[in-house]
There are 2 protein chains.
Amino acid sequence: MSRWEPNARGRLEQAALELYTERGYEQTTVAEIAKRAGLTERTFFRHFPDKREVLFAGSSSLQDLFVRTVSEAPDAAAPIDAVTGALEAAAAQFQDRFDHVSRRQAVIVANAELRERELIKLASLSGALTDTLRRRGVGEPTARLTAEAAVAVFKVAFERWIEEGGEGDLTHLIRELLAELKAVTAGA
Amino acid sequence: MSRWEPNARGRLEQAALELYTERGYEQTTVAEIAKRAGLTERTFFRHFPDKREVLFAGSSSLQDLFVRTVSEAPDAAAPIDAVTGALEAAAAQFQDRFDHVSRRQAVIVANAELRERELIKLASLSGALTDTLRRRGVGEPTARLTAEAAVAVFKVAFERWIEEGGEGDLTHLIRELLAELKAVTAGA
DNA sequence: CGAACGATGTCAGTGACTGTCATCGACAGT
DNA sequence: ACTGTCGATGACAGTCACTGACATCGTTCG
């Protein structure tokens with residue numbers, strides 16, 4: 001018999017998403033989130049460094065997936081192909097959870113602070129991809145640009161997938177947009 | 001004879017950059033910035049919506065320059081070329097002010113909140129470019145991807161230019177990285 | 001001259017976030 | 001069973017970013 005209800009962190013995440021959805025991010029106080037989770041404000045800040053981060057708990061495991069997939073790509077694969085494989089692996093994670101993902105995204109899009117946080121998560125992802133590519137022996141400007149291109153494609157594909165109500169195939173969208181990016185730069 | 005010293009806004013910007021450089025962003029309070037500028041904290045918040053924004057006063061005029069340059073590109077220009085022209089126009093603005101630009105960039109890079117703010121400025125830039133391209137009749141996924149690619153190239157070029165101590169030619173860097181991006185996506 | 005204006009100051013709040021100490025069940029060693 | 005350590009939590013006071021309301025006082029316009 002443990003002293004407290006289990007999964008405090010998960011309860012905080014759920015309470016936060018609910019309240020941000022019901023009243024909006026700014027109109028929700030951390031004390032309210034904690035109360036709904038049966039905890040105190042101080043405990044919230046032991047689990048999350050700030051009020052935004054509670055929405056981004058999953059982003060580190062997503063980044064791990066990206067990095068792992070790129071690492072495991074065959075040595076012969078071109079950088080862009082290694083990274084595209086990672087995008088598709090990530091897409092698979094989203095494809096089944098449209099409900100949760102889109103609710104969360106609606107909250108983020110509605111608030112500038114949360115959009116900022118999302119952008120820095122994507123930048124961190126791009127940095128991790130860059131490092132991973134370098135470890136595969138990819139050269140300097142190439143690694144960085146490949147990672148930036150991949151994240152840009154993922155970002156646009158993800159937004160479109162959400163707009164379409166999650167009915168499209170995210171992996172397919174990624175492939176289409178990558179081809180489009182190729183066409184765009186070809187003229188330069 | 002006016003009642004107050006002129007250019008309160010500019011004094012706040014300079015005081016902030018100085019203090020952020022001397023003690024770091026987090027160790028500086030808004031009250032200290034205001035005091036160095038000969039004003040009060042409340043007045044700071046009349047000129048800037050928050051403590052970060054004081055470093056980004058110039059970003060709206062940069063965005064205007066981008067948009068204007070793209071608008072004025074010849075109708076026949078491909079989207080990527082129209083946007084590249086804007087990148088080069090912006091580069092010219094930076095080229096002469098390496099000192100100020102690099103000091104400011106050092107402060108931003110050293111702090112996560114400021115990096116977040118920079119990222120959302122770049123995202124805003126990307127959005128403005130997307131809209132401008134659409135107004136030129138560029139289609140949906142193309143406009144967005146062109147803008148994202150352009151901003152990515154600009155970001156990487158800018159960082160390299162700073163790393164090199166401002167001695168390189170930013171316009172030249174942009175052209176090189178654009179070619180590199182083309183090579184990267186070509187394999188996909 | 002007097003009224004409206006505009007930039008600033010003053011002051012009292014709210015809420016995010018932090019440091020510190022207390023609490024108390026679980027668990028290990030004796 | 002006794003006891004000491006540990007880990008998650010609570011309680012509480014404090015700092016600072018940011019906001020709303022109202023006062024001040026040169027400038028400017030009629």
# chains A, B, ... in the order shown; residues from 1 in each chain; ligands from 1

call {"tool": "residues_around", "arguments": {"residues": "D:DC18", "least_positions_apart": "6", "cutoff": "12 Å", "atoms": "only C-alpha atoms (C1' of nucleotides)", "output": "count of residues only"}}
result
16

call {"tool": "residues_around", "arguments": {"residues": "stretch 7-14 of chain B", "least_positions_apart": "3", "cutoff": "8 Å", "atoms": "only C-alpha atoms (C1' of nucleotides)", "output": "list in words"}}
result
Leu17, Glu18, Ile33, Ala34, Arg36, Ala37, Leu39, Phe44, His47, Val54 and Leu55 of chain B

call {"tool": "write_last_selection", "arguments": {"atoms": "N, CA and C atoms", "output": "PDB file, in the first residue's frame"}}
result
ATOM      1  N   LEU B  17      20.563  45.382 -23.735  1.00  0.00           N
ATOM      2  CA  LEU B  17      21.655  44.624 -24.368  1.00  0.00           C
ATOM      3  C   LEU B  17      22.909  44.662 -23.506  1.00  0.00           C
ATOM      4  N   GLU B  18      23.197  45.838 -22.939  1.00  0.00           N
ATOM      5  CA  GLU B  18      24.363  45.947 -22.068  1.00  0.00           C
ATOM      6  C   GLU B  18      24.250  45.027 -20.862  1.00  0.00           C
ATOM      7  N   ILE B  33      17.043  47.345 -15.911  1.00  0.00           N
ATOM      8  CA  ILE B  33      17.113  47.892 -17.269  1.00  0.00           C
ATOM      9  C   ILE B  33      16.507  49.291 -17.291  1.00  0.00           C
ATOM     10  N   ALA B  34      15.328  49.403 -16.709  1.00  0.00           N
ATOM     11  CA  ALA B  34      14.629  50.685 -16.702  1.00  0.00           C
ATOM     12  C   ALA B  34      15.466  51.743 -15.989  1.00  0.00           C
ATOM     13  N   ARG B  36      18.714  51.884 -15.592  1.00  0.00           N
ATOM     14  CA  ARG B  36      19.862  52.319 -16.399  1.00  0.00           C
ATOM     15  C   ARG B  36      19.427  53.255 -17.524  1.00  0.00           C
ATOM     16  N   ALA B  37      18.209  53.070 -17.991  1.00  0.00           N
ATOM     17  CA  ALA B  37      17.701  53.932 -19.065  1.00  0.00           C
ATOM     18  C   ALA B  37      17.074  55.214 -18.492  1.00  0.00           C
ATOM     19  N   LEU B  39      14.397  55.324 -16.488  1.00  0.00           N
ATOM     20  CA  LEU B  39      12.932  55.197 -16.543  1.00  0.00           C
ATOM     21  C   LEU B  39      12.485  54.230 -15.460  1.00  0.00           C
ATOM     22  N   PHE B  44       9.007  50.530 -19.128  1.00  0.00           N
ATOM     23  CA  PHE B  44       9.562  49.463 -19.962  1.00  0.00           C
ATOM     24  C   PHE B  44       8.427  48.679 -20.615  1.00  0.00           C
ATOM     25  N   HIS B  47       6.688  50.067 -23.601  1.00  0.00           N
ATOM     26  CA  HIS B  47       7.399  50.035 -24.884  1.00  0.00           C
ATOM     27  C   HIS B  47       7.561  48.622 -25.430  1.00  0.00           C
ATOM     28  N   VAL B  54      12.509  43.145 -26.059  1.00  0.00           N
ATOM     29  CA  VAL B  54      13.390  44.307 -26.192  1.00  0.00           C
ATOM     30  C   VAL B  54      14.599  44.004 -27.087  1.00  0.00           C
ATOM     31  N   LEU B  55      14.916  42.735 -27.228  1.00  0.00           N
ATOM     32  CA  LEU B  55      16.028  42.358 -28.108  1.00  0.00           C
ATOM     33  C   LEU B  55      15.600  42.171 -29.561  1.00  0.00           C
TER      34      LEU B  55
END

call {"tool": "closest_atom_pairs", "arguments": {"of": "chain A", "to": "chain B", "cutoff": "7 Å", "atoms": "only C-alpha atoms", "output": "Markdown table"}}
result
| residue | atom | partner | partner_atom | distance |
| --- | --- | --- | --- | --- |
| A:Ile80 | CA | B:Ala188 | CA | 6.2 |
| A:Asp81 | CA | B:Ala188 | CA | 6.3 |
| A:Glu116 | CA | B:Glu116 | CA | 5.3 |
| A:Arg117 | CA | B:Glu116 | CA | 6.5 |
| A:Leu119 | CA | B:Leu119 | CA | 6.4 |
| A:Ile120 | CA | B:Glu116 | CA | 5.7 |
| A:Thr142 | CA | B:Glu180 | CA | 6.7 |
| A:Leu145 | CA | B:Leu181 | CA | 6.2 |
| A:Thr146 | CA | B:Val184 | CA | 6.3 |
| A:Glu148 | CA | B:Ala152 | CA | 6.4 |
| A:Ala149 | CA | B:Ala149 | CA | 6.9 |
| A:Ala152 | CA | B:Glu148 | CA | 6.4 |
| A:Glu180 | CA | B:Thr142 | CA | 6.7 |
| A:Leu181 | CA | B:Leu145 | CA | 6.2 |
| A:Lys182 | CA | B:Thr185 | CA | 5.2 |
| A:Val184 | CA | B:Thr146 | CA | 6.3 |
| A:Thr185 | CA | B:Lys182 | CA | 5.2 |
| A:Ala186 | CA | B:Lys182 | CA | 6.0 |
| A:Ala188 | CA | B:Ile80 | CA | 6.2 |

call {"tool": "closest_residue", "arguments": {"among": "B:Thr40, B:Gln27, B:Thr21, B:Asn111", "to": "chain C", "atoms": "only C-alpha atoms (C1' of nucleotides)"}}
result
B:Thr40

call {"tool": "closest_residue", "arguments": {"among": "C:DA28, C:DC5, C:DC17, C:DA22", "to": "chain A", "atoms": "only C-alpha atoms (C1' of nucleotides)"}}
result
C:DC17

call {"tool": "atom_distance", "arguments": {"atom1": "atom CA of B:Val70", "atom2": "atom CA of B:Asp169"}}
result
21.4 Å

call {"tool": "closest_atom_pairs", "arguments": {"of": "chain D", "to": "chain B", "cutoff": "10 Å", "atoms": "only C-alpha atoms (C1' of nucleotides)", "output": "JSON lines"}}
result
{"residue": "D:DC16", "atom": "C1'", "partner": "B:Thr29", "partner_atom": "CA", "distance": 7.5}
{"residue": "D:DA17", "atom": "C1'", "partner": "B:Lys51", "partner_atom": "CA", "distance": 7.8}
{"residue": "D:DC18", "atom": "C1'", "partner": "B:Asp50", "partner_atom": "CA", "distance": 7.6}
{"residue": "D:DT19", "atom": "C1'", "partner": "B:Phe45", "partner_atom": "CA", "distance": 9.4}
{"residue": "D:DC25", "atom": "C1'", "partner": "B:Arg3", "partner_atom": "CA", "distance": 8.6}
{"residue": "D:DG26", "atom": "C1'", "partner": "B:Arg3", "partner_atom": "CA", "distance": 5.6}
{"residue": "D:DT27", "atom": "C1'", "partner": "B:Ser2", "partner_atom": "CA", "distance": 8.0}

call {"tool": "write_last_selection", "arguments": {"atoms": "C-alpha atoms (C1' of nucleotides)", "output": "PDB file, in the first residue's frame"}}
result
ATOM      1  C1'  DC D  16      10.117  38.878 -10.216  1.00  0.00           C
ATOM      2  C1'  DA D  17       7.522  39.311 -14.679  1.00  0.00           C
ATOM      3  C1'  DC D  18       3.602  41.507 -15.984  1.00  0.00           C
ATOM      4  C1'  DT D  19      -1.129  44.270 -15.563  1.00  0.00           C
ATOM      5  C1'  DC D  25       2.760  67.660 -15.852  1.00  0.00           C
ATOM      6  C1'  DG D  26       4.950  69.687 -20.141  1.00  0.00           C
ATOM      7  C1'  DT D  27       3.040  70.457 -24.836  1.00  0.00           C
TER       8       DT D  27
END

call {"tool": "atom_distance", "arguments": {"atom1": "atom CA of B:Tyr20", "atom2": "atom CA of B:Gly38"}}
result
17.0 Å

call {"tool": "interface_residues", "arguments": {"of": "chain C", "to": "chain B", "cutoff": "10 Å", "atoms": "only C-alpha atoms (C1' of nucleotides)", "output": "PyMOL selection string"}}
result
chain C and resi 7-10
